[in-house]
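**Q** Can you read through this structure? Questions will come right after.
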Amino acid sequence: MSYEQEREIIHVTGKTGMGKTRWSRAFLKSQSRVIVMDTMLEHDGILFEDLGDMIDHLMRYPTFRVRTEFIDDFPMLCSIAFATGRCWLIVEETQRVLPASRKELPASFLDLIYRGRHKRVSLLMISQRPSTIHIAARSQWTRIITFNQTEPADIDWIQDTSGFKVDPATLAPSWYFEITPTVVEKKLLDDARKGHETIAARSETPQPEREEKEE
Ligand SMILES: Nc1ncnc2c1ncn2[C@@H]1O[C@H](COP(=O)(O)OP(=O)(O)OP(=O)(O)O)[C@@H](O)[C@H]1O
Ligand SMILES: [Mg+2]
C-alpha cells in the first residue's frame with residue numbers, strides 16, 4: 001500500500017456460503033483490539049450480555065477480543081468503540097444491524113464513519129448484498145472484498161464506486177476480489193488453498209506459477 005492508512009473501512013460482500021465469515025475470521029487473527037457485533041455467534045472472543053461489563057474489560061486490558069449478540073446494543077457498541085479508539089469494530093449481517101437507506105442511522109455509527117479516523121477506529125462490515133446497506137455506511141470504504149454475487153444492483157455499485165470493471169458473478173466459492181482505491185486482485189481463501197494443493201498433487205496436474213516466489 002503506497003500511503004499511510006490511519007484506519008480502514010472494509011466491506012465484505014457476496015452470496016451466502018461463499019466465504020465472507022471465513023475471510024473475516026482469518027483476517028481478524030492478526031488484529032489485537034477487536035469488538036464484534038456478532039449476531040450469529042460465529043466469531044472468537046468473550047461474549048458479553050452486559051455492555052457495562054464489556055466496558056470494564058476494555059478499560060482493564062490493552063488487547064481484547066469481545067462481542068455481543070444483541071442488535072439493540074449496536075448504537076452503544078459504536079460509542080464504546082469510539083471511546084476506546086485504535087480498534088476494529090466488526091459488524092456481521094450488516095443489513096440486519098443497520099436501518100435501510102431511507103431511515104436515519106444511529107448518530108454513534110455516523111460518528112464512527114465520518115469521525116472515526118481521528119480515533120483510529122476501523123470498521124469491517126459483512127453483508128450478502130452491498131446495495132441493501134445504507135449508503136452512508138458504504139460511501140467511505142477503503143477496501144472491498146467481494147465473493148460471488150450476481151445481482152446487477154450489487155455488481156453495479158462495486159464497479160461504479162471502485163472504477164474497476166470486475167465481475168463477481170464469475171467467481172467460484174472461496175474466491176474473491178480484493179479491491180482498494182488503487183488495485184484489484186483476485187484471490188483464493190487460504191483455508192481453501194490447502195485443499196486445492198492436495199488435489200493437484202494426487203492428479204499431477206501442473207501447478208500454476210506461484211507469484212509469491214518472486215522476491
Ligand atoms: N477449507 C474449506 N474449503 C472450501 N470450502 C470451505 C472450507 N471450509 C468451509 N467451507 C465452506 O464455506 C462455506 C461457509 O463459508 P462462510 O461461513 O464464510 O460463508 P458466508 O459467506 O459467511 O455465508 P453467510 O452469508 O451465509 O454467512 C460452507 O459452505 C463450507 O462448506
Ligand atoms: Mg457468514
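Labels for the C-alpha cells follow display order: chains A, B, ..., residues from 1 in each chain, ligands from 1.
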Which residues form the shell of 8 Å around ligand 1 when you count only C-alpha atoms and all ligand atoms, given as a list in words?

**A**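 Going residue by residue within 8 Å of ligand 1, we get Thr13, Gly14, Lys15, Thr16, Gly17, Met18, Gly19, Lys20, Thr21, Arg22, Trp23, Ser24, Glu93, Ile126, Ser127, Gln128, Phe147, Pro173, Ser174, Leu189, Asp190, Asp191, Ala192, Arg193, Lys194 and Gly195 of chain A.
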
**Q** Extract, using only C-alpha atoms, all DNA, RNA and protein residues at most 8 Å from segment 45-59 of chain A, discarding same-chain residues fewer than 4 positions from it, and format them as a PDB file with N, CA and C atoms, in the first residue's frame.

**A**
```pdb
ATOM      1  N   THR A  63      -5.166  -5.334  25.113  1.00  0.00           N
ATOM      2  CA  THR A  63      -5.617  -6.089  23.943  1.00  0.00           C
ATOM      3  C   THR A  63      -6.886  -6.848  24.339  1.00  0.00           C
ATOM      4  N   PHE A  64      -7.775  -6.981  23.381  1.00  0.00           N
ATOM      5  CA  PHE A  64      -9.074  -7.590  23.719  1.00  0.00           C
ATOM      6  C   PHE A  64      -9.745  -8.122  22.469  1.00  0.00           C
ATOM      7  N   ARG A  65     -10.644  -9.054  22.692  1.00  0.00           N
ATOM      8  CA  ARG A  65     -11.491  -9.626  21.636  1.00  0.00           C
ATOM      9  C   ARG A  65     -12.845  -9.865  22.294  1.00  0.00           C
ATOM     10  N   VAL A  66     -13.781  -8.974  22.073  1.00  0.00           N
ATOM     11  CA  VAL A  66     -15.053  -9.015  22.793  1.00  0.00           C
ATOM     12  C   VAL A  66     -16.203  -8.952  21.797  1.00  0.00           C
ATOM     13  N   ARG A  67     -17.374  -9.438  22.230  1.00  0.00           N
ATOM     14  CA  ARG A  67     -18.507  -9.419  21.307  1.00  0.00           C
ATOM     15  C   ARG A  67     -19.837  -9.417  22.052  1.00  0.00           C
ATOM     16  N   THR A  68     -20.856  -9.008  21.317  1.00  0.00           N
ATOM     17  CA  THR A  68     -22.226  -9.079  21.824  1.00  0.00           C
ATOM     18  C   THR A  68     -23.097  -9.605  20.699  1.00  0.00           C
ATOM     19  N   GLU A  69     -24.209 -10.236  21.049  1.00  0.00           N
ATOM     20  CA  GLU A  69     -25.091 -10.773  20.004  1.00  0.00           C
ATOM     21  C   GLU A  69     -26.362  -9.947  19.832  1.00  0.00           C
ATOM     22  N   ASP A  73     -27.971  -3.491  21.086  1.00  0.00           N
ATOM     23  CA  ASP A  73     -26.760  -2.928  21.692  1.00  0.00           C
ATOM     24  C   ASP A  73     -25.925  -2.134  20.694  1.00  0.00           C
ATOM     25  N   LEU A  77     -22.580   0.056  21.213  1.00  0.00           N
ATOM     26  CA  LEU A  77     -21.314  -0.591  20.838  1.00  0.00           C
ATOM     27  C   LEU A  77     -20.454   0.376  20.006  1.00  0.00           C
ATOM     28  N   ILE A  80     -18.885   2.783  22.314  1.00  0.00           N
ATOM     29  CA  ILE A  80     -17.795   2.130  23.052  1.00  0.00           C
ATOM     30  C   ILE A  80     -16.547   2.049  22.182  1.00  0.00           C
ATOM     31  N   THR A  84     -13.042   3.878  22.956  1.00  0.00           N
ATOM     32  CA  THR A  84     -11.873   3.015  23.165  1.00  0.00           C
ATOM     33  C   THR A  84     -10.733   3.431  22.235  1.00  0.00           C
TER      34      THR A  84
END
```

**Q** Give me the residues near Glu42 of chain A as a PyMOL selection string, where near means some atom within 9 Å (using only C-alpha atoms) and where sequence neighbours in that chain fewer than 4 positions away do not count.

**A** chain A and resi 21+25+38+92

**Q** Export, as a PDB file, in the first residue's frame, the selected residues with C-alpha atoms.

**A**
```
ATOM      1  CA  THR A  21     -17.160 -15.117   7.515  1.00  0.00           C
ATOM      2  CA  ARG A  25     -12.138 -14.737  10.878  1.00  0.00           C
ATOM      3  CA  ASP A  38     -21.806 -10.994  16.363  1.00  0.00           C
ATOM      4  CA  GLU A  92     -21.786  -9.331  10.928  1.00  0.00           C
TER       5      GLU A  92
END
```

**Q** Need the shell around segment 133-136 of chain A: protein/DNA/RNA residues with any atom at most 12 Å away, counting only C-alpha atoms. Skip same-chain ones fewer than 3 positions apart. Format as a short mmCIF file (atom, residue, chain, number, x, y, z; two decimals) with C-alpha atoms, in the first residue's frame?

**A**
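Written file, result-v7.cif:
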```cif
data_model
loop_
_atom_site.label_atom_id
_atom_site.label_comp_id
_atom_site.auth_asym_id
_atom_site.auth_seq_id
_atom_site.Cartn_x
_atom_site.Cartn_y
_atom_site.Cartn_z
CA ILE A 9 -13.45 0.70 6.34
CA HIS A 11 -16.91 -4.19 3.19
CA VAL A 12 -17.05 -7.97 2.78
CA THR A 13 -19.87 -8.99 0.47
CA VAL A 91 -20.49 -5.93 12.03
CA GLU A 93 -25.03 -9.38 8.93
CA THR A 94 -24.81 -5.61 8.49
CA GLN A 95 -28.14 -5.43 6.68
CA ARG A 96 -29.86 -6.73 9.83
CA VAL A 97 -27.99 -4.39 12.15
CA LEU A 98 -28.27 -1.11 10.25
CA PRO A 99 -31.55 0.50 9.17
CA ALA A 100 -32.21 0.69 5.41
CA SER A 101 -31.19 3.72 3.36
CA ARG A 102 -34.34 5.77 3.81
CA LYS A 103 -34.12 5.71 7.61
CA GLU A 104 -31.62 7.52 9.80
CA LEU A 105 -28.54 5.75 11.05
CA PRO A 106 -27.64 5.86 14.75
CA ALA A 107 -25.62 9.01 15.47
CA PHE A 109 -22.45 4.90 13.98
CA LEU A 110 -22.23 8.03 11.81
CA ASP A 111 -19.60 9.36 14.22
CA LEU A 112 -17.55 6.23 13.56
CA ILE A 113 -17.89 6.54 9.79
CA TYR A 114 -17.15 10.25 9.49
CA MET A 125 -18.90 -4.74 7.67
CA ILE A 126 -20.12 -8.09 6.35
CA SER A 127 -23.23 -8.43 4.18
CA GLN A 128 -24.59 -10.53 1.34
CA ARG A 129 -25.72 -7.58 -0.79
CA PRO A 130 -23.97 -4.22 -0.58
CA SER A 139 -19.56 5.63 0.97
CA GLN A 140 -16.29 5.84 2.91
CA TRP A 141 -14.93 2.37 2.04
CA ALA A 153 -27.51 -3.58 -8.35
CA ASP A 154 -24.69 -5.03 -6.25
CA TRP A 157 -22.26 -0.42 -7.08
CA THR A 161 -17.58 3.08 -6.72
#
```

**Q** Can you list every residue in segment 13-194 of chain A that DSSP puts in strand (DSSP E or B), as a count of residues only?

**A** 39

**Q** State, in Å with one decimal place, the distance from atom CA of Asp160 of chain A to atom CA of Leu124 of chain A.

**A** 20.5 Å

**Q** Which residues are close to Glu151 of chain A, i.e. within 9 Å by only C-alpha atoms, leaving aside same-chain residues fewer than 4 positions away? Reply as a VMD selection string.

**A** chain A and resid 129 155 to 156 169

**Q** Using only N, CA and C atoms, please write the residues we just selected to a file, as a compact mmCIF listing (two decimals), in the first residue's frame.

**A**
```txt
# COMPACT_ATOMS: atom_id res chain seq x y z
N ARG A 129 -25.44 -8.48 0.33
CA ARG A 129 -25.72 -7.58 -0.79
C ARG A 129 -25.39 -6.15 -0.40
N ILE A 155 -23.43 -5.55 -8.24
CA ILE A 155 -22.26 -5.50 -9.13
C ILE A 155 -22.05 -4.07 -9.62
N ASP A 156 -23.14 -3.40 -9.97
CA ASP A 156 -23.03 -2.01 -10.44
C ASP A 156 -22.39 -1.12 -9.38
N ALA A 169 -19.75 -12.18 -10.57
CA ALA A 169 -20.57 -13.33 -10.95
C ALA A 169 -19.71 -14.47 -11.49
```

**Q** Which of these residues is nearest to ligand 2, using only C-alpha atoms and all ligand atoms: A:Thr170, A:Gln159, A:Thr39, A:Thr150?

**A** A:Thr39

**Q** Using only C-alpha atoms and all ligand atoms, find the one residue out of A:Leu89, A:Leu41, A:Lys29, A:Cys78 that sits nearest to ligand 2.

**A** A:Leu41

**Q** Any idea what the distance is between atom CA of Ser122 of chain A and atom CA of Lys187 of chain A?

**A**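 Result for atom CA of Ser122 of chain A versus atom CA of Lys187 of chain A: 22.4 Å, one decimal.
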
**Q** Just list the residues in segment 145-183 of chain A DSSP gives alpha helix (DSSP H) on the backbone, as a PyMOL selection string.

**A** chain A and resi 152-162

**Q** Please write the residues from the selection above to a file, keeping C-alpha atoms, as a PDB file, in the first residue's frame.

**A**
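Okay, this is what ended up in result04.pdb:
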```pdb
ATOM      1  CA  PRO A 152     -26.913  -6.216 -11.058  1.00  0.00           C
ATOM      2  CA  ALA A 153     -27.513  -3.583  -8.352  1.00  0.00           C
ATOM      3  CA  ASP A 154     -24.693  -5.028  -6.247  1.00  0.00           C
ATOM      4  CA  ILE A 155     -22.263  -5.503  -9.125  1.00  0.00           C
ATOM      5  CA  ASP A 156     -23.035  -2.011 -10.440  1.00  0.00           C
ATOM      6  CA  TRP A 157     -22.258  -0.419  -7.080  1.00  0.00           C
ATOM      7  CA  ILE A 158     -18.922  -2.235  -6.824  1.00  0.00           C
ATOM      8  CA  GLN A 159     -17.919  -1.281 -10.369  1.00  0.00           C
ATOM      9  CA  ASP A 160     -19.123   2.309 -10.091  1.00  0.00           C
ATOM     10  CA  THR A 161     -17.585   3.083  -6.716  1.00  0.00           C
ATOM     11  CA  SER A 162     -14.253   1.383  -7.431  1.00  0.00           C
TER      12      SER A 162
END
```

**Q** For ligand 2, which of A:Val166, A:Thr182, A:Met40, A:Cys87 is the closest residue, counting only C-alpha atoms and all ligand atoms?

**A**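 When distances to ligand 2 are compared using only C-alpha atoms and all ligand atoms, the smallest one comes from A:Met40.
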
**Q** Please measure the separation of atom CA of Arg138 of chain A and atom CA of Ala81 of chain A, giving the value in Å to one decimal.

**A**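 For atom CA of Arg138 of chain A relative to atom CA of Ala81 of chain A, the distance reads 18.7 Å.
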